[in-house]
Structures are given as C-alpha cells and as structure tokens.
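Accompanying notes for the structure given below.
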Amino acid sequence: MKKIIIFCTSTIIILLIAFYSTSHLLNSESALYKDVSSTKVEKMIQENDTFIAYFYQKSCPSCKQIKPILNDYIRQSGKDIFAVDINNDDNKNLLIQDFGIQGTPTVILYESGEEKFRFISAFSKEEFEEKMNFIFEE
C-alpha cells in the first residue's frame, strides 16, 4: 500500500512539474522589438526621427510584464520599437545623463527627435494605446 501511495504521489508531482514547465515555455513569446545600442537611439534623435525607444533589463519583472503590450502594439501598428538592454549597453553615461534613465522599464516616445512622452515602470495596454493614439494622431 505504501508503494502505491508513493508511486501516485511521485507521478502527480512529476506531472505538475511537467505542466508548469510546458506552460511557462508556451507563455514566453519572443520579443518583436529591435535591440539596438544607446548610440543608435542618440543618432535617431539627432536625425530628428519619430520613434519609440524602450530601455529594459532582461531580469526586470515589470519589463517582462509589458513585453506582450509592446508586441501587440508592434503587430497592430506595424511600427518598430527600438530597445536598449541597459545591462549590455556600453555607454552608461549616455543612458543616465542624456536619456535620464533611472529605472526600467522606460519607454520614451520621440517625435522629430524631441521627447513627447515617457512611461516609467509598468503600464497597462489601455494606457499605452491611448497615449500612442494621442501622440501619433496629432
């Protein structure tokens, strides 16, 4: 009887671990934004481009939370989002002094090279879409 209980318990635990691992893998969609350097973002500003810059860290929970929001926006709008992984960027002074990045996630909307709006920390899909529609429809 003990062997049956141990076998059933072990089987249930293995199935739960397998289910969790599989569901976690399925929910982790790849990012659609374009990874660039802070130097590339600076160049786009100097060229008076209109674009969205996203500053993130791979280990940031809030960054993981907004990734689906950014992916949905890219799919729906067809616009690019240029992302800078602040932990892998070589120019920390540019990130801190010129862009004023104090935390992640930070999303900055540039119009003709000028900052129009900045999201700091996590945000909802509705907040993001509302701001995008307002800024890019003006």
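The chains in the structure tokens are called A, B, ... from first to last as shown; in each chain the residues are counted from 1, and the ligands are counted from 1 in the order shown.
Within the 9 Å cut-off around A:Ala122, using only C-alpha atoms and omitting residues fewer than 2 positions from it on the same chain, the listed residues are A:Ser62, A:Cys63, A:Gln65, A:Ile66, A:Thr104, A:Pro105, A:Thr106, A:Phe119, A:Ile120, A:Ser124.
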With DSSP run on the backbone, what are the strand (DSSP E) residues within stretch 50-126 of chain A? I'd like them as a list in words.
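Matching residues for strand (DSSP E) in stretch 50-126 of chain A are Phe51, Ile52, Ala53, Tyr54, Phe55, Tyr56, Ile81, Phe82, Ala83, Val84, Asp85, Thr106, Val107, Ile108, Leu109, Tyr110, Glu111, Glu114, Glu115, Lys116, Phe117, Arg118, Phe119 and Ile120 of chain A.
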### Query
Looking only at the backbone, which of the residues in stretch 11-68 of chain A does DSSP tag as alpha helix (DSSP H), as a ChimeraX atom specification?
/A:11-27,38-46,61-68
Correct to one decimal, the distance atom CA of A:Lys67-atom CA of A:Lys79 is 15.0 Å
Can you tell me, as a PDB file with N, CA, C and O atoms, in the first residue's frame, what residues are no more than 8 Å from stretch 38-44 of chain A when counting only C-alpha atoms, ignoring any on the same chain fewer than 5 positions away?
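Everything below was put into out_37.pdb:
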```
ATOM      1  N   ASP A  49      14.247  61.823 -36.038  1.00  0.00           N
ATOM      2  CA  ASP A  49      13.316  60.740 -36.355  1.00  0.00           C
ATOM      3  C   ASP A  49      12.156  60.720 -35.360  1.00  0.00           C
ATOM      4  O   ASP A  49      12.260  61.226 -34.239  1.00  0.00           O
ATOM      5  N   ALA A  53      11.483  54.474 -28.142  1.00  0.00           N
ATOM      6  CA  ALA A  53      12.659  53.840 -27.540  1.00  0.00           C
ATOM      7  C   ALA A  53      12.226  53.150 -26.245  1.00  0.00           C
ATOM      8  O   ALA A  53      11.460  53.715 -25.463  1.00  0.00           O
ATOM      9  N   PHE A  82      12.450  50.483 -30.747  1.00  0.00           N
ATOM     10  CA  PHE A  82      13.893  50.278 -30.637  1.00  0.00           C
ATOM     11  C   PHE A  82      14.251  50.135 -29.158  1.00  0.00           C
ATOM     12  O   PHE A  82      14.023  51.039 -28.367  1.00  0.00           O
ATOM     13  N   VAL A  84      16.812  49.099 -25.890  1.00  0.00           N
ATOM     14  CA  VAL A  84      18.182  49.111 -25.379  1.00  0.00           C
ATOM     15  C   VAL A  84      18.202  48.333 -24.073  1.00  0.00           C
ATOM     16  O   VAL A  84      17.518  48.705 -23.116  1.00  0.00           O
ATOM     17  N   ASP A  89      24.554  47.544 -22.556  1.00  0.00           N
ATOM     18  CA  ASP A  89      24.943  48.719 -23.340  1.00  0.00           C
ATOM     19  C   ASP A  89      26.273  49.250 -22.824  1.00  0.00           C
ATOM     20  O   ASP A  89      26.509  49.306 -21.620  1.00  0.00           O
ATOM     21  N   ASN A  91      27.517  52.327 -23.175  1.00  0.00           N
ATOM     22  CA  ASN A  91      27.582  53.746 -22.863  1.00  0.00           C
ATOM     23  C   ASN A  91      26.656  54.110 -21.701  1.00  0.00           C
ATOM     24  O   ASN A  91      25.603  54.724 -21.894  1.00  0.00           O
ATOM     25  N   LEU A  94      25.688  57.876 -21.295  1.00  0.00           N
ATOM     26  CA  LEU A  94      24.653  58.323 -22.222  1.00  0.00           C
ATOM     27  C   LEU A  94      23.275  57.942 -21.685  1.00  0.00           C
ATOM     28  O   LEU A  94      22.340  58.746 -21.710  1.00  0.00           O
ATOM     29  N   LEU A  95      23.164  56.733 -21.166  1.00  0.00           N
ATOM     30  CA  LEU A  95      21.883  56.271 -20.626  1.00  0.00           C
ATOM     31  C   LEU A  95      21.428  57.126 -19.446  1.00  0.00           C
ATOM     32  O   LEU A  95      20.269  57.516 -19.372  1.00  0.00           O
ATOM     33  N   GLY A 113      12.644  63.866 -33.246  1.00  0.00           N
ATOM     34  CA  GLY A 113      13.819  63.968 -32.389  1.00  0.00           C
ATOM     35  C   GLY A 113      13.574  64.582 -31.022  1.00  0.00           C
ATOM     36  O   GLY A 113      14.484  64.681 -30.212  1.00  0.00           O
TER      37      GLY A 113
END
```
Find the spatial neighbours of A:Lys125, counting only C-alpha atoms, within a cut-off of 10 Å - ignore same-chain residues fewer than 6 positions away - and output them as a list in words.
->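 The contact residues come out as Ile66, Pro68, Ile69, Leu70, Asp72 and Tyr73 of chain A.
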Atom CA of A:Ile96 and atom CA of A:Asn71 are how many Å apart?
->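 Between atom CA of A:Ile96 and atom CA of A:Asn71 the gap works out to 25.9 Å.
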Leaving out A:Asp85 and any residue of its chain fewer than 3 positions from it, which residues lie within 7 Å of it when counting only C-alpha atoms, given as a ChimeraX atom specification? /A:55-57,88-89
Can those selected residues be exported to a file as a CSV table (one decimal), in the first residue's frame so that it contains C-alpha atoms?
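What ended up in part-v8.csv:
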```csv
chain,number,residue,atom,x,y,z
A,55,PHE,CA,15.0,50.8,-22.1
A,56,TYR,CA,14.9,47.5,-20.3
A,57,GLN,CA,16.7,44.8,-18.4
A,88,ASN,CA,24.5,45.2,-22.1
A,89,ASP,CA,24.9,48.7,-23.3
```
